[in-house]
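These notes concern the structure reproduced below.
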Amino acid sequence: MKFSPMPLPHSPAAERNRAPILARLQALLPPTGRALEIASGTGQHAAHFAAALPGWAWQPTDADDALFSTIAGWSRAAGASNVLPPRRLDVREGDWPSDGGPRFGTPFDLVFAANLLHISPWACCTGLMQGAARHLSPAGLLVTYGPYLEDDVPTAPGNLAFDADLRARDPAWGLRRLADVAQEAGRAGLALRERHAMPANNLLLVFSRG
């Protein structure tokens, strides 16, 4: 009897948003480079983006080692041989990565984080900005994706409900004000360069050295 392989854990949100995010990355990035992905989760983004950007070496990370086999599985399924083995990383720590192995020496041309800031305490925003500033190349970009609260811009009802749900689950979570995130980036020496409206009331933000 022939057995089919077990299906990989799957994020419907990652499946939905990967194409619009990739289109924006392709418009932003040069043909080659090194990318560091923060909070890779299932690894669906890493696999999809790396397969479509063959000139890029893609380093996935996550704070949860249990996800590493899933990240590797999605990369194999996509035929993305340019995805490196995942590393454990807690953005709040001063040394990256967090697994006791070799530190990240060579700078990255892209640091990418999707749906991190609202599902983590505020200290993760501080850690992300400071860590990106340490590890980006001089012309490198920090790209974040997710829902934000903006002054003078009405918040979609779905985002308001999502924010309330997050805060009910953990008072330290919740949608972040874009102005607060940009201010935190400025403290680390990064400036908000571009703001792109994305489907489902999300934003893709691009930061670079000020």
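Ordering of the structure tokens sets the chain letters (A, B, ...); residue numbers start at 1 within each chain; ligands are numbered from 1 in the order shown.
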Stretch 44-48 of chain A surroundings by only C-alpha atoms, 12 Å radius, close-in-sequence under 3 positions cut, as an MDAnalysis selection string: chainID A and resid 8:23 25 35:41 51:54 56:62 67:68 70:86 112:115 145
Report the closest atom pair, with its distance in Å rounded to one decimal, for each residue of stretch 51-151 of chain A that has an atom no farther than 7 Å from stretch 173-193 of chain A; count only C-alpha atoms, sort by chain and then rising residue number, and write it as JSON lines.
{"residue": "A:His118", "atom": "CA", "partner": "A:Gly174", "partner_atom": "CA", "distance": 4.8}
{"residue": "A:Ile119", "atom": "CA", "partner": "A:Trp173", "partner_atom": "CA", "distance": 5.3}
{"residue": "A:Ser120", "atom": "CA", "partner": "A:Trp173", "partner_atom": "CA", "distance": 5.4}
{"residue": "A:Pro121", "atom": "CA", "partner": "A:Trp173", "partner_atom": "CA", "distance": 5.5}
{"residue": "A:Thr126", "atom": "CA", "partner": "A:Glu184", "partner_atom": "CA", "distance": 6.3}
{"residue": "A:Met129", "atom": "CA", "partner": "A:Ala185", "partner_atom": "CA", "distance": 5.4}
{"residue": "A:Gln130", "atom": "CA", "partner": "A:Ala188", "partner_atom": "CA", "distance": 5.2}
{"residue": "A:Ala133", "atom": "CA", "partner": "A:Ala188", "partner_atom": "CA", "distance": 6.2}
{"residue": "A:Pro147", "atom": "CA", "partner": "A:Leu175", "partner_atom": "CA", "distance": 6.5}
{"residue": "A:Tyr148", "atom": "CA", "partner": "A:Arg176", "partner_atom": "CA", "distance": 5.3}
{"residue": "A:Leu149", "atom": "CA", "partner": "A:Arg177", "partner_atom": "CA", "distance": 4.5}
{"residue": "A:Glu150", "atom": "CA", "partner": "A:Leu178", "partner_atom": "CA", "distance": 5.6}
What parts of stretch 53-156 of chain A does DSSP call helix (DSSP H, G or I)? I'd like the answer as a ChimeraX atom specification. /A:65-78,117-119,122-135
Rounded to one decimal place, report the atom CA of A:Asp64-atom CA of A:Arg87 distance in Å. 9.4 Å
Between A:Ala161, A:Ser69, A:Arg209, A:Arg134, which is the closest to A:Gly43 once you count only C-alpha atoms? A:Ser69
Could you give me the residues within stretch 67-209 of chain A that DSSP places in strand (DSSP E), as a PyMOL selection string? chain A and resi 87-88+108-114+136-146+148-149+176-177+190-198+202-209
Atomic distance atom CA of A:Ala123 - atom CA of A:Asp90, expressed in Å with one decimal: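 Calculated distance between atom CA of A:Ala123 and atom CA of A:Asp90 is 10.7 Å.
Take atom CA of A:Trp122 and atom CA of A:Asp170: the distance between them is 11.9 Å.
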